[in-house]
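Asker: Let me give you the structure first, and then I'll get to my questions.
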Amino acid sequence: MARQFYVYILTNKNNKVLYTGVTNDLKRRIYEHKTDVHEGFTKRYRVHKLVYFETGEDAYGAISREKQIKGGSRQDKLNLIHGFNPDWKDLYDEI
């Protein structure tokens with residue numbers, strides 16, 4: 001069975017703050033963000049809403065894609081989200 005990797009974007013309640021991450025267990029990782037398990041950016045800025053994710057089978061590819069998204073402009077991130085999830089609903093319950 002092939003392992004899957006995910007690149008994701010989270011936002012806060014008002015959709016003002018964006019956070020991009022990578023994981024091999026999307027459900028677990030988003031739960032950790034939502035419950036503030038770890039200190040850091042997402043806890044400090046209450047970034048708990050999953051609005052975008054991509055799936056891949058290669059860790060290096062996922063990390064590369066994460067860096068590409070992080071290196072892009074805010075508008076590039078907004079375009080990804082609008083194309084994938086135009087209503088900006090929290091996708092956590094759908095994964």
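So you can find residues: chains in the structure tokens are A, B, ... in the order shown, residues in each start at 1, and ligands are numbered from 1 in order.
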What's the 12 Å shell around Arg29 (chain A), counting only C-alpha atoms, without same-chain residues fewer than 2 positions away, as a ChimeraX atom specification?

Answerer: /A:5-10,21-27,31-38,42,48-50,92,95

Asker: Now that the selection is made, can you save its residues with N, CA and C atoms as a tab-separated table (two decimals), in the first residue's frame?

Answerer:
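Below you can see out_26.tsv, which holds the result:
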```
chain	number	residue	atom	x	y	z
A	5	PHE	N	0.99	11.57	1.12
A	5	PHE	CA	1.47	12.79	1.74
A	5	PHE	C	0.56	13.93	1.32
A	6	TYR	N	0.45	14.92	2.18
A	6	TYR	CA	-0.49	16.01	1.96
A	6	TYR	C	0.19	17.36	2.17
A	7	VAL	N	-0.13	18.28	1.31
A	7	VAL	CA	0.20	19.69	1.48
A	7	VAL	C	-1.13	20.38	1.74
A	8	TYR	N	-1.16	21.23	2.74
A	8	TYR	CA	-2.43	21.83	3.13
A	8	TYR	C	-2.29	23.30	3.47
A	9	ILE	N	-3.41	24.00	3.41
A	9	ILE	CA	-3.46	25.40	3.82
A	9	ILE	C	-4.57	25.54	4.85
A	10	LEU	N	-4.22	26.18	5.96
A	10	LEU	CA	-5.17	26.50	7.02
A	10	LEU	C	-5.36	28.00	7.07
A	21	GLY	N	1.31	23.79	5.32
A	21	GLY	CA	2.06	22.72	5.96
A	21	GLY	C	2.06	21.46	5.12
A	22	VAL	N	2.80	20.45	5.60
A	22	VAL	CA	2.89	19.16	4.93
A	22	VAL	C	2.83	18.07	6.00
A	23	THR	N	2.21	16.94	5.67
A	23	THR	CA	2.08	15.84	6.62
A	23	THR	C	1.84	14.54	5.88
A	24	ASN	N	1.99	13.43	6.60
A	24	ASN	CA	1.64	12.13	6.02
A	24	ASN	C	0.33	11.59	6.62
A	25	ASP	N	-0.28	12.36	7.52
A	25	ASP	CA	-1.56	11.97	8.13
A	25	ASP	C	-2.39	13.25	8.32
A	26	LEU	N	-3.16	13.58	7.32
A	26	LEU	CA	-3.87	14.86	7.30
A	26	LEU	C	-4.87	14.98	8.44
A	27	LYS	N	-5.66	13.96	8.67
A	27	LYS	CA	-6.69	14.02	9.72
A	27	LYS	C	-6.05	14.28	11.09
A	31	TYR	N	-6.25	17.84	13.28
A	31	TYR	CA	-6.76	17.73	14.65
A	31	TYR	C	-5.78	18.38	15.64
A	32	GLU	N	-4.48	18.13	15.44
A	32	GLU	CA	-3.47	18.75	16.30
A	32	GLU	C	-3.53	20.28	16.21
A	33	HIS	N	-3.70	20.79	15.01
A	33	HIS	CA	-3.83	22.25	14.87
A	33	HIS	C	-5.09	22.75	15.57
A	34	LYS	N	-6.20	22.08	15.35
A	34	LYS	CA	-7.47	22.52	15.92
A	34	LYS	C	-7.47	22.50	17.45
A	35	THR	N	-6.73	21.58	18.03
A	35	THR	CA	-6.72	21.44	19.48
A	35	THR	C	-5.48	22.09	20.11
A	36	ASP	N	-4.70	22.81	19.32
A	36	ASP	CA	-3.53	23.54	19.82
A	36	ASP	C	-2.58	22.65	20.61
A	37	VAL	N	-2.33	21.46	20.09
A	37	VAL	CA	-1.42	20.52	20.75
A	37	VAL	C	-0.01	21.08	20.84
A	38	HIS	N	0.43	21.76	19.80
A	38	HIS	CA	1.80	22.26	19.73
A	38	HIS	C	1.81	23.79	19.83
A	42	THR	N	0.29	28.45	14.50
A	42	THR	CA	-1.15	28.16	14.36
A	42	THR	C	-1.89	28.32	15.68
A	48	HIS	N	-7.06	27.36	12.46
A	48	HIS	CA	-7.63	26.02	12.70
A	48	HIS	C	-8.50	25.51	11.57
A	49	LYS	N	-8.74	26.29	10.54
A	49	LYS	CA	-9.69	25.90	9.50
A	49	LYS	C	-8.96	25.41	8.24
A	50	LEU	N	-9.20	24.15	7.88
A	50	LEU	CA	-8.60	23.56	6.68
A	50	LEU	C	-9.39	24.02	5.46
A	92	TYR	N	-12.28	19.86	7.22
A	92	TYR	CA	-11.85	18.84	8.17
A	92	TYR	C	-12.80	17.65	8.26
A	95	ILE	N	-12.51	14.92	5.37
A	95	ILE	CA	-11.32	14.11	5.12
A	95	ILE	C	-11.34	12.85	5.94
```

Asker: From the DSSP assignment of the backbone, select every residue of chain A that is strand (DSSP E or B), and format the answer as a PDB file with C-alpha atoms, in the first residue's frame.

Answerer:
```
ATOM      1  CA  PHE A   5       1.468  12.794   1.738  1.00  0.00           C
ATOM      2  CA  TYR A   6      -0.491  16.008   1.964  1.00  0.00           C
ATOM      3  CA  VAL A   7       0.205  19.686   1.482  1.00  0.00           C
ATOM      4  CA  TYR A   8      -2.435  21.826   3.132  1.00  0.00           C
ATOM      5  CA  ILE A   9      -3.460  25.402   3.825  1.00  0.00           C
ATOM      6  CA  LEU A  10      -5.173  26.497   7.016  1.00  0.00           C
ATOM      7  CA  THR A  11      -6.724  29.835   7.864  1.00  0.00           C
ATOM      8  CA  LEU A  18      -2.768  31.615   5.941  1.00  0.00           C
ATOM      9  CA  TYR A  19      -0.563  28.722   7.019  1.00  0.00           C
ATOM     10  CA  THR A  20       0.888  26.090   4.690  1.00  0.00           C
ATOM     11  CA  GLY A  21       2.056  22.715   5.961  1.00  0.00           C
ATOM     12  CA  VAL A  22       2.893  19.157   4.932  1.00  0.00           C
ATOM     13  CA  THR A  23       2.079  15.842   6.623  1.00  0.00           C
ATOM     14  CA  LYS A  49      -9.695  25.901   9.497  1.00  0.00           C
ATOM     15  CA  LEU A  50      -8.601  23.556   6.684  1.00  0.00           C
ATOM     16  CA  VAL A  51      -9.397  25.251   3.374  1.00  0.00           C
ATOM     17  CA  TYR A  52      -7.090  23.499   0.887  1.00  0.00           C
ATOM     18  CA  PHE A  53      -5.112  20.292   0.480  1.00  0.00           C
ATOM     19  CA  GLU A  54      -3.302  18.269  -2.162  1.00  0.00           C
ATOM     20  CA  THR A  55      -2.425  14.582  -2.066  1.00  0.00           C
ATOM     21  CA  GLY A  56       0.737  12.930  -3.328  1.00  0.00           C
TER      22      GLY A  56
END
```

Asker: Among chain A, which residues does DSSP mark as alpha helix (DSSP H) when it is run on the backbone? Keep the chain and numbering as in the structure and answer as a PDB file with C-alpha atoms, in the first residue's frame.

Answerer:
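See result-v6.pdb below for the written result:
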```pdb
ATOM      1  CA  LEU A  26      -3.868  14.860   7.298  1.00  0.00           C
ATOM      2  CA  LYS A  27      -6.691  14.017   9.723  1.00  0.00           C
ATOM      3  CA  ARG A  28      -4.300  13.701  12.686  1.00  0.00           C
ATOM      4  CA  ARG A  29      -2.314  16.819  11.813  1.00  0.00           C
ATOM      5  CA  ILE A  30      -5.349  19.044  11.365  1.00  0.00           C
ATOM      6  CA  TYR A  31      -6.759  17.729  14.655  1.00  0.00           C
ATOM      7  CA  GLU A  32      -3.472  18.752  16.304  1.00  0.00           C
ATOM      8  CA  HIS A  33      -3.827  22.247  14.866  1.00  0.00           C
ATOM      9  CA  LYS A  34      -7.471  22.519  15.921  1.00  0.00           C
ATOM     10  CA  PHE A  41       2.157  29.992  14.763  1.00  0.00           C
ATOM     11  CA  THR A  42      -1.147  28.160  14.359  1.00  0.00           C
ATOM     12  CA  LYS A  43      -1.874  28.246  18.077  1.00  0.00           C
ATOM     13  CA  ARG A  44      -0.855  31.892  18.442  1.00  0.00           C
ATOM     14  CA  ALA A  59       7.506  12.842   0.542  1.00  0.00           C
ATOM     15  CA  TYR A  60      10.076  14.814  -1.425  1.00  0.00           C
ATOM     16  CA  GLY A  61       7.443  15.947  -3.890  1.00  0.00           C
ATOM     17  CA  ALA A  62       5.137  17.052  -1.083  1.00  0.00           C
ATOM     18  CA  ILE A  63       7.913  18.992   0.651  1.00  0.00           C
ATOM     19  CA  SER A  64       8.891  20.588  -2.644  1.00  0.00           C
ATOM     20  CA  ARG A  65       5.277  21.572  -3.312  1.00  0.00           C
ATOM     21  CA  GLU A  66       4.952  23.018   0.209  1.00  0.00           C
ATOM     22  CA  LYS A  67       8.024  25.191  -0.407  1.00  0.00           C
ATOM     23  CA  GLN A  68       6.627  26.253  -3.772  1.00  0.00           C
ATOM     24  CA  ILE A  69       3.318  27.321  -2.203  1.00  0.00           C
ATOM     25  CA  LYS A  70       5.054  29.073   0.706  1.00  0.00           C
ATOM     26  CA  GLY A  71       7.319  30.893  -1.737  1.00  0.00           C
ATOM     27  CA  ARG A  74      -0.539  35.597  -1.040  1.00  0.00           C
ATOM     28  CA  GLN A  75      -2.597  35.993  -4.213  1.00  0.00           C
ATOM     29  CA  ASP A  76      -1.266  32.653  -5.504  1.00  0.00           C
ATOM     30  CA  LYS A  77      -2.464  30.995  -2.286  1.00  0.00           C
ATOM     31  CA  LEU A  78      -5.844  32.723  -2.530  1.00  0.00           C
ATOM     32  CA  ASN A  79      -6.194  31.501  -6.118  1.00  0.00           C
ATOM     33  CA  LEU A  80      -5.470  27.907  -5.036  1.00  0.00           C
ATOM     34  CA  ILE A  81      -8.083  28.118  -2.297  1.00  0.00           C
ATOM     35  CA  HIS A  82     -10.715  29.788  -4.491  1.00  0.00           C
ATOM     36  CA  GLY A  83     -10.254  27.141  -7.191  1.00  0.00           C
ATOM     37  CA  PHE A  84     -10.472  24.242  -4.729  1.00  0.00           C
TER      38      PHE A  84
END
```

Asker: Just how far from CA of Asp58 (chain A) is CA of Ala2 (chain A), in Å to one decimal?

Answerer: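 So the two atoms, CA of Ala2 (chain A) and CA of Asp58 (chain A), lie 9.2 Å apart.
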
Asker: May I ask for the distance between CA of Lys89 (chain A) and CA of Arg46 (chain A), given in Å to one decimal place?

Answerer: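 CA of Lys89 (chain A) sits 15.9 Å away from CA of Arg46 (chain A).
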
Asker: From the options A:Ser73, A:Glu57, A:Gly40, A:Asp90, which residue's atoms come nearest to Arg3 (chain A), counting only C-alpha atoms?

Answerer: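 That would be A:Glu57, the residue with the smallest distance to Arg3 (chain A).
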